[in-house]
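K.L.:
Pasting a structure here, questions to come.
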Protein chains: 4
Amino acid sequence: MKALVYFGPRDVRVVEMPDAKIEQPTDVLVKITTTNICGSDLHMYEGRTDMEVGRILGHENMGRVVEVGKAVTHIKVGDMVCLPFNIGCGHCQNCESGLTGFCLTMNPGTAGAAYGFAGMGPYSGGQAEYLRVPHGDFNCLKLPEDAIEKENDYVMLSDIFPTGYHATELAGVKPGDSVVIYGAGPVGLMAAHSASIKGASKIMVVDNHPDRLKLAEELGAIAIDFSKGSAVEQVLELTDGAGADRGCECVGYQCCDKHGKEHSNITMNELVQAVKATGSIGVVGVFVPKDPKSKEELQKEGHMDFDFGQFWMKGQRIATGQANVKSYNRQLSTLISAGKARPSLIVSHELSLDEAPNAYKHFDERDNGWTKVLLKPEMIKAK
Amino acid sequence: MKALVYFGPRDVRVVEMPDAKIEQPTDVLVKITTTNICGSDLHMYEGRTDMEVGRILGHENMGRVVEVGKAVTHIKVGDMVCLPFNIGCGHCQNCESGLTGFCLTMNPGTAGAAYGFAGMGPYSGGQAEYLRVPHGDFNCLKLPEDAIEKENDYVMLSDIFPTGYHATELAGVKPGDSVVIYGAGPVGLMAAHSASIKGASKIMVVDNHPDRLKLAEELGAIAIDFSKGSAVEQVLELTDGAGADRGCECVGYQCCDKHGKEHSNITMNELVQAVKATGSIGVVGVFVPKDPKSKEELQKEGHMDFDFGQFWMKGQRIATGQANVKSYNRQLSTLISAGKARPSLIVSHELSLDEAPNAYKHFDERDNGWTKVLLKPEMIKAK
Amino acid sequence: MKALVYFGPRDVRVVEMPDAKIEQPTDVLVKITTTNICGSDLHMYEGRTDMEVGRILGHENMGRVVEVGKAVTHIKVGDMVCLPFNIGCGHCQNCESGLTGFCLTMNPGTAGAAYGFAGMGPYSGGQAEYLRVPHGDFNCLKLPEDAIEKENDYVMLSDIFPTGYHATELAGVKPGDSVVIYGAGPVGLMAAHSASIKGASKIMVVDNHPDRLKLAEELGAIAIDFSKGSAVEQVLELTDGAGADRGCECVGYQCCDKHGKEHSNITMNELVQAVKATGSIGVVGVFVPKDPKSKEELQKEGHMDFDFGQFWMKGQRIATGQANVKSYNRQLSTLISAGKARPSLIVSHELSLDEAPNAYKHFDERDNGWTKVLLKPEMIKAK
Amino acid sequence: MKALVYFGPRDVRVVEMPDAKIEQPTDVLVKITTTNICGSDLHMYEGRTDMEVGRILGHENMGRVVEVGKAVTHIKVGDMVCLPFNIGCGHCQNCESGLTGFCLTMNPGTAGAAYGFAGMGPYSGGQAEYLRVPHGDFNCLKLPEDAIEKENDYVMLSDIFPTGYHATELAGVKPGDSVVIYGAGPVGLMAAHSASIKGASKIMVVDNHPDRLKLAEELGAIAIDFSKGSAVEQVLELTDGAGADRGCECVGYQCCDKHGKEHSNITMNELVQAVKATGSIGVVGVFVPKDPKSKEELQKEGHMDFDFGQFWMKGQRIATGQANVKSYNRQLSTLISAGKARPSLIVSHELSLDEAPNAYKHFDERDNGWTKVLLKPEMIKAK
């Protein structure tokens, strides 16, 4: 089968690979119809992780079931399914509590398992024609009848829509709340969409890319351009000096100042200031325990110069970590089906699999307008 | 009246002060029967805060009502009452949500109000014969009939018992959980007592003072002496390598390594290691936004070299801040009355008010056996 | 002052009454600008309660502060305020937990206190020129600058908007849920509005009045006319046979079948059928402990022939009771201010106080189009 | 293999049956070491259900794994395991939310699946030498090393300990609460034990069997004998007239008055009176949708003459349904292991399987001292 393979820093290629196949009786085999490029794919693309050469990338996957193992009882051949990026076993202490992002058996250790991801187990990614899904009954979300019609919405259930939603859950967003979101990338935009669905009264999105801020406004948020003045001051002004009720971090350790220089603590320390006393902050942007290539001393060991004194004095809370996709994908699917959620609003490109290497290049360079790329392996390459 | 007054660093004296009196129609006047010395009094005593010379200290107070203002309807003369250290107005957005530690009107700003406390409003403390209690109907906890018999238990409801309990609430302790608590001072011991009341299955308390660790064991906890080996390793060993389900920080920014040297980040970074992935950490130890006298560069500005990467990767949570005493004091009072909570277990000294300066000295020097001092203004000085 | 007074069953008149005035130092005096007629006023109007002759009705009140007592610190003369129908003291065990509808001191007993309401204390109602508000700092919600412009929205915060919202809270409505609401009166419509704000995916409203069902549709709900076929079957069909995730009861003990005959158990037993196993039901429609004038034997003693076996087997939950308005009015106020909630959509009439008796008559007869009447004491009677 | 089989009303016999065996690749085969007789077995024993003749009874099972299917990855031969009475698939919407008692696929319909239970699917019970466990990785709780030493404690995790705990969860018991529990049978006693573990301040247990009330006292509860005076009045007196904070129903539809006459509404209507306004009630006693053999008209259709008016006016809550055992069994296992829970306290008899028919007879007749019977299939019949 054709698949996008990692050859080294900024070198990914579409090549022939052995067909994915059923390996365990609980497996399901999926023919991929849409697979997205995610911002976290870029960490691997840039060579900033220990991704193994030769592996297939892709953890935002959707497709049609073409074969099921002998122990699979619920999922049937022909079902349209969306796959959470986290792979859970379904029976460990964490999976049974809904913490599928921290499955204790699929990738023993703290990080959980995922498709095509550095440090998250040996599982192949889905930027390919086929994908093997372990524990298929547990991991496949069976989609309703409008799965093909709204495919670009449903594929977002694999990662960024639940991840954006998770940010608002970690932050405890309730009806009537004001919310400040750092980052207008796909995840930050999905956090804004989620906050709106939950009845937030005021949603403020901080970024410096005009195209992304424009999308934030289309989703009903107030755009805050930090290149035009202190984001903290703008938030305080919009909240009568009190600060926002809730904050979401949707950027991660590679956050930059207005000069484009990385400081891993910018977003967190600004959130402590921009969120009110007793407020809470959800962090879904990725922070890493080791980052040897960073130019910051503390960051090399995954540490941060954090404004803990202010944080404590304000009695705030921080909740972190990758989304447990299965905790949200059913209910978000219902909202898509009812027309009350439209995550596809942020899609900028639909391309064939062959065009993936070029798409990675543009996305990595944050080229204007490359917000979210969807790869369609069944599509013939555009001429 | 006689009162303990702050004269400067390590200089407190019992002197004559003007009588406390009713100033507002909602005030209540209390004759103090017991008032404790708290670990946070030492921050002021040592001159590490901007406490004003001439103010009366004391925020852990209990006594008998001797007069009530004209707008007071619920509290009566003769009632035995315990006073939460936080002073709330009862009608602001935070008070009405139970966040009385962050009252928006009694000390406008983020810190809330308290009796006899640096930076928490102009209110006199209760290490004196009388105390004025603002918004008496709201702030007085009326005690049951065994108030005098169990006075040393009930007085703990003013601060350290609810504060220890708050640590376990912030950490989300549930029946069956394992819990690691950093600090076996009065608050850490009350956190251990609270975790036991809540049905924790394993309670581990970390400290290096043998007398305090012994009290922890009397409260049903496992003592972990960090002077005898890595506390983190001991916790991991006791939890099959997984880490504790929950963690409590009950030390604060003046935490020390085994050589007695201050590093504000020791307890927090160890908690990140000692608590399991997806676990949560409650922080009631005090961390301050400014600490100019610290020897650590980051700490001078209230910042911390924090292991954020590990914290995020483990998907942990931190909740912070001073206890909202009123959220807990009724239910904890019920437990004292039923004989199911006995916070007085940690009391080491009951002294007259005149002996307060000497008691401050011993307590500040962490002299062996000076765990918790209760002052009894009605007691004649022991010869 | 002029006020609407209860003279007996179906006999209310606007007459001169002694001016409301400050009686306690914590009181606030409000000049009423809008006061609504509520469905529960009709229980008194119809003589089905033990309402005392000579009392002023009206518990949905809003106005301008014209005088404050000496112990009032927060509310100022000139403030525009909305008053929760429940009157709380602010310092009892229930008030401090947010259960202001069950204040233990303002009307000792179980029912809580309210303005102008049978069995809820001696407090005069607000269908008058002036209203005395006890514990003004606690009970007044100070409104933002657009208070006059959006007066017809804000006045709904006194009762029916929080009450409709409470129904969705008691039912546990979450984003993505399907919800069935029995009753398209003002409260049912506000429950539908609230469910929509909270991100429900499907909202079904059951009634048989075409004008009310039309309003439900304008609020984004699916109208279910029970006069045209079994409501339960329609709900099951709309939910693939599973039943709705959540149910709201917004009718109360006077619910009728399609022939207009009262059976107090219709809505509850249908909800048990129409809601899924493990689902939950919020009940804000009023049910009474005694109803001697009922034609049903059980109902005379406040009992119900309830399908408990089905309810238990399905593992459902029921939560009941009048709304604790203060728990919601701030956040709902924020949503009105942000333009994300528009409860005034259901207003059918704005009348002068003099027109109140006529309005009661039409409202009581459920005349077509008399959905919600707002009285404006400052308005000159329309000719 | 030998097994206890239902032959008809009050006729159960130990006979030879075909060996249980692996049927699906996800199955696990368990050699039973302990299997209990449950109060709900009596509903079948008495012929009050539609239990099929020829089926093996027993849903409280524990044993040693002797064989695993090819798709089983976590559970190994030799593991000591306890089996929740509910059988879940692990991947349906309810199982993934922890609602394993309402699994949507193992017994389609509302009731969930169980071993050897009328109306809960075709699964054989465990009062036998061997038991087939479907979805073994999901349904087996692997026990720690002290499994054999504390076998009589761990076997309680199959049903009654989690069911008693569930009652306290449904009722929302928190530290410091007062709790009234109707029923001192095994489940009521486990509810009392659970409330104690959770830090309840006052636990009142209502029954009229002196031996059971004595066990309640041994578990730290206050015994209330309803044959000696109104239980409601005794509870009100013990709670200063306010009523208990929480209530638990652990009897079910066969509850009797002091003359031994069945009235299905006694416990529920008393709980409405004995629990405070705003309090909540958890119901784990079984209530059935059809009961044709009842002598009460309403009860024949599963209906109840319920005091809904009082219930609503007090703003109470009811939550119901069978326990989702998997939601609690891990944490309760931890408490057993730590010595903080000892459910075996209520065991009255340990017998061989052959003695089961005689044990059913005594248990059914509520013979004094027959509180809880454990069958040990590996035991040779006592002479």
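Identifiers in this document derive from the order of the structure tokens: chains are assigned A, B, ..., residues are numbered from 1 separately in each chain, and ligands are numbered from 1 in order of occurrence.
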With a cut-off of 6 Å and counting only C-alpha atoms, select all residues of chain C in contact with chain D and give the selection as an MDAnalysis selection string.

P.N.:
chainID C and resid 287:289 302:310 312 315:321

K.L.:
Just the residues within 12 Å of D:Val12, please, counting only C-alpha atoms, with nothing from its chain fewer than 2 positions along; format it as a PyMOL selection string.

P.N.:
chain D and resi 3-10+14-15+41-42+44-47+51+53-58+127+353-361

K.L.:
Report, in Å to a single decimal, how far apart atom CA of A:Ile346 and atom CA of A:Cys248 are.

P.N.:
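About the pair atom CA of A:Cys248 and atom CA of A:Ile346: they are 18.6 Å apart.
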
K.L.:
Using DSSP on the backbone, list every residue of stretch 15-174 of chain C that comes out as helix (DSSP H, G or I), and give them as a ChimeraX atom specification.

P.N.:
/C:39-45,93-96,100-102,136-139,145-147,151-158,160-170

K.L.:
Just to be explicit: take each residue in the selection above, keep N, CA, C and O atoms, and write the result as a compact mmCIF listing (two decimals), in the first residue's frame.

P.N.:
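What landed in again34.txt:
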```
# COMPACT_ATOMS: atom_id res chain seq x y z
N GLY C 39 -47.05 32.08 36.36
CA GLY C 39 -48.00 30.97 36.40
C GLY C 39 -48.35 30.56 37.82
O GLY C 39 -49.50 30.18 38.11
N SER C 40 -47.39 30.68 38.74
CA SER C 40 -47.70 30.27 40.11
C SER C 40 -48.56 31.32 40.83
O SER C 40 -49.20 31.02 41.83
N ASP C 41 -48.61 32.55 40.31
CA ASP C 41 -49.59 33.52 40.84
C ASP C 41 -51.01 33.00 40.63
O ASP C 41 -51.92 33.31 41.42
N LEU C 42 -51.19 32.23 39.57
CA LEU C 42 -52.54 31.74 39.27
C LEU C 42 -53.04 30.75 40.31
O LEU C 42 -54.24 30.68 40.57
N HIS C 43 -52.10 29.96 40.90
CA HIS C 43 -52.54 29.05 41.96
C HIS C 43 -53.23 29.84 43.07
O HIS C 43 -54.24 29.42 43.62
N MET C 44 -52.64 31.00 43.39
CA MET C 44 -53.23 31.84 44.44
C MET C 44 -54.50 32.51 43.93
O MET C 44 -55.53 32.52 44.61
N TYR C 45 -54.43 33.06 42.72
CA TYR C 45 -55.57 33.75 42.10
C TYR C 45 -56.80 32.86 42.09
O TYR C 45 -57.92 33.30 42.41
N GLN C 93 -27.18 27.71 57.06
CA GLN C 93 -26.47 26.61 56.41
C GLN C 93 -26.87 26.46 54.95
O GLN C 93 -26.04 26.19 54.09
N ASN C 94 -28.16 26.63 54.65
CA ASN C 94 -28.59 26.49 53.27
C ASN C 94 -28.15 27.65 52.40
O ASN C 94 -27.61 27.46 51.31
N CYS C 95 -28.36 28.88 52.87
CA CYS C 95 -27.94 30.04 52.07
C CYS C 95 -26.45 29.99 51.76
O CYS C 95 -26.01 30.27 50.65
N GLU C 96 -25.63 29.62 52.75
CA GLU C 96 -24.19 29.64 52.51
C GLU C 96 -23.75 28.53 51.55
O GLU C 96 -22.67 28.58 51.00
N THR C 100 -30.53 28.97 48.46
CA THR C 100 -31.30 30.12 48.96
C THR C 100 -32.80 29.90 48.87
O THR C 100 -33.56 30.60 49.54
N GLY C 101 -33.21 28.95 48.07
CA GLY C 101 -34.63 28.63 48.00
C GLY C 101 -35.11 27.89 49.24
O GLY C 101 -36.31 27.68 49.41
N PHE C 102 -34.20 27.50 50.07
CA PHE C 102 -34.55 26.74 51.28
C PHE C 102 -33.94 27.40 52.51
O PHE C 102 -33.51 26.72 53.45
N GLY C 136 -30.68 43.33 51.73
CA GLY C 136 -30.53 43.86 50.37
C GLY C 136 -29.18 43.56 49.73
O GLY C 136 -29.10 43.29 48.54
N ASP C 137 -28.10 43.63 50.50
CA ASP C 137 -26.79 43.33 49.91
C ASP C 137 -26.76 41.92 49.36
O ASP C 137 -26.11 41.66 48.35
N PHE C 138 -27.44 41.02 50.04
CA PHE C 138 -27.41 39.62 49.61
C PHE C 138 -28.42 39.36 48.50
O PHE C 138 -28.14 38.62 47.56
N ASN C 139 -29.59 39.99 48.59
CA ASN C 139 -30.67 39.61 47.67
C ASN C 139 -30.77 40.41 46.38
O ASN C 139 -31.43 39.97 45.44
N GLU C 145 -24.88 48.20 32.79
CA GLU C 145 -25.32 49.48 32.22
C GLU C 145 -26.48 49.37 31.24
O GLU C 145 -27.22 50.32 31.04
N ASP C 146 -26.61 48.18 30.62
CA ASP C 146 -27.70 48.04 29.65
C ASP C 146 -29.00 47.59 30.32
O ASP C 146 -29.91 47.07 29.65
N ALA C 147 -29.10 47.83 31.62
CA ALA C 147 -30.26 47.33 32.40
C ALA C 147 -31.58 47.87 31.87
O ALA C 147 -32.59 47.16 31.83
N GLU C 151 -34.40 45.75 29.74
CA GLU C 151 -35.17 45.52 30.97
C GLU C 151 -36.04 44.27 30.89
O GLU C 151 -36.13 43.50 31.86
N ASN C 152 -36.67 44.05 29.73
CA ASN C 152 -37.56 42.89 29.62
C ASN C 152 -36.81 41.55 29.64
O ASN C 152 -37.41 40.52 29.89
N ASP C 153 -35.53 41.60 29.33
CA ASP C 153 -34.71 40.39 29.50
C ASP C 153 -34.32 40.22 30.97
O ASP C 153 -34.48 39.15 31.55
N TYR C 154 -33.78 41.30 31.55
CA TYR C 154 -33.24 41.18 32.91
C TYR C 154 -34.31 40.82 33.94
O TYR C 154 -34.04 40.12 34.92
N VAL C 155 -35.53 41.32 33.74
CA VAL C 155 -36.56 41.03 34.75
C VAL C 155 -36.84 39.52 34.83
O VAL C 155 -37.26 39.01 35.87
N MET C 156 -36.54 38.82 33.75
CA MET C 156 -36.75 37.37 33.75
C MET C 156 -35.81 36.66 34.71
O MET C 156 -36.01 35.49 35.05
N LEU C 157 -34.75 37.34 35.14
CA LEU C 157 -33.80 36.75 36.10
C LEU C 157 -34.41 36.61 37.49
O LEU C 157 -33.83 35.97 38.37
N SER C 158 -35.55 37.23 37.72
CA SER C 158 -36.18 37.14 39.04
C SER C 158 -36.73 35.75 39.30
O SER C 158 -36.84 35.32 40.44
N ILE C 160 -38.39 33.11 36.19
CA ILE C 160 -38.60 32.02 35.22
C ILE C 160 -37.36 31.63 34.43
O ILE C 160 -37.22 30.47 34.06
N PHE C 161 -36.46 32.55 34.17
CA PHE C 161 -35.26 32.14 33.44
C PHE C 161 -34.41 31.24 34.34
O PHE C 161 -34.08 30.11 33.96
N PRO C 162 -34.06 31.67 35.57
CA PRO C 162 -33.35 30.74 36.47
C PRO C 162 -34.13 29.46 36.74
O PRO C 162 -33.53 28.39 36.89
N THR C 163 -35.46 29.54 36.81
CA THR C 163 -36.23 28.33 37.08
C THR C 163 -36.15 27.36 35.89
O THR C 163 -35.98 26.15 36.08
N GLY C 164 -36.25 27.88 34.69
CA GLY C 164 -36.07 27.01 33.51
C GLY C 164 -34.66 26.45 33.47
O GLY C 164 -34.44 25.27 33.18
N TYR C 165 -33.70 27.29 33.78
CA TYR C 165 -32.31 26.84 33.82
C TYR C 165 -32.11 25.77 34.89
O TYR C 165 -31.42 24.77 34.67
N HIS C 166 -32.74 25.99 36.04
CA HIS C 166 -32.67 25.03 37.14
C HIS C 166 -33.18 23.65 36.69
O HIS C 166 -32.60 22.62 37.05
N ALA C 167 -34.24 23.65 35.90
CA ALA C 167 -34.75 22.37 35.39
C ALA C 167 -33.65 21.63 34.64
O ALA C 167 -33.46 20.42 34.82
N THR C 168 -32.88 22.35 33.85
CA THR C 168 -31.81 21.68 33.07
C THR C 168 -30.64 21.30 33.96
O THR C 168 -29.94 20.33 33.68
N GLU C 169 -30.43 22.05 35.05
CA GLU C 169 -29.37 21.67 36.01
C GLU C 169 -29.78 20.42 36.78
O GLU C 169 -29.00 19.49 36.95
N LEU C 170 -31.03 20.42 37.25
CA LEU C 170 -31.52 19.25 37.99
C LEU C 170 -31.48 18.02 37.10
O LEU C 170 -31.23 16.90 37.57
```

K.L.:
In stretch 196-320 of chain A, what's strand (DSSP E) per DSSP? Answer as number ranges by chain?

P.N.:
A: 202-207, 222-225, 244-249, 275-283, 304-306, 317-320

K.L.:
Leaving out D:Gly69 and any residue of its chain fewer than 4 positions from it, which residues lie within 10 Å of it when counting only C-alpha atoms, given as a PyMOL selection string?

P.N.:
(chain A and resi 71) or (chain D and resi 21-29+73+75+134-137)

K.L.:
Could you tell me how far atom CA of C:His349 lies from atom CA of C:Leu374, in Å and to one decimal?

P.N.:
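So the two atoms, atom CA of C:His349 and atom CA of C:Leu374, lie 6.1 Å apart.
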
K.L.:
So which residues touch stretch 219-229 of chain C within 10 Å, counting only C-alpha atoms, skipping near sequence neighbours fewer than 4 positions away, as a PyMOL selection string?

P.N.:
chain C and resi 179-182+184+189-190+192-196+201-210+212-215+233-235+238+257-259+342-343+345-346

K.L.:
Write the selection just made, keeping C-alpha atoms, as a compact mmCIF listing (two decimals), in the first residue's frame?

P.N.:
```
# COMPACT_ATOMS: atom_id res chain seq x y z
CA VAL C 179 -33.67 16.67 26.15
CA VAL C 180 -37.44 16.32 26.42
CA ILE C 181 -39.31 19.12 28.18
CA TYR C 182 -42.91 18.72 29.32
CA ALA C 184 -44.28 25.02 26.82
CA LEU C 189 -39.71 27.70 27.16
CA MET C 190 -36.94 29.01 29.41
CA ALA C 192 -35.62 24.99 26.22
CA HIS C 193 -33.65 28.23 25.92
CA SER C 194 -31.30 27.05 28.69
CA ALA C 195 -30.78 23.63 27.11
CA SER C 196 -29.88 25.36 23.87
CA SER C 201 -28.13 18.53 20.46
CA LYS C 202 -31.87 17.91 20.36
CA ILE C 203 -34.57 19.69 22.38
CA MET C 204 -38.12 18.36 22.29
CA VAL C 205 -40.95 20.37 23.90
CA VAL C 206 -44.29 18.74 24.67
CA ASP C 207 -47.52 20.77 24.89
CA ASN C 208 -50.84 21.15 23.13
CA HIS C 209 -51.09 24.95 22.75
CA PRO C 210 -50.09 25.87 19.19
CA ARG C 212 -46.61 28.08 22.80
CA LEU C 213 -45.26 25.30 20.62
CA LYS C 214 -44.54 27.91 17.96
CA LEU C 215 -42.42 29.84 20.47
CA GLU C 233 -43.92 7.59 21.09
CA GLN C 234 -42.88 10.76 19.31
CA VAL C 235 -39.89 11.15 21.63
CA LEU C 238 -36.87 10.96 17.54
CA ASP C 257 -54.57 14.94 29.51
CA LYS C 258 -55.63 15.78 25.97
CA HIS C 259 -59.22 16.07 27.07
CA ARG C 342 -32.87 36.61 25.06
CA PRO C 343 -35.56 35.48 27.48
CA LEU C 345 -38.67 36.50 23.36
CA ILE C 346 -41.67 35.06 25.19
```

K.L.:
Tell me which of C:Asp245, C:Glu67, C:Thr34, C:Val232 sits closest to C:Asp79, counting only C-alpha atoms.

P.N.:
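Closest residue, counting only C-alpha atoms: C:Glu67.
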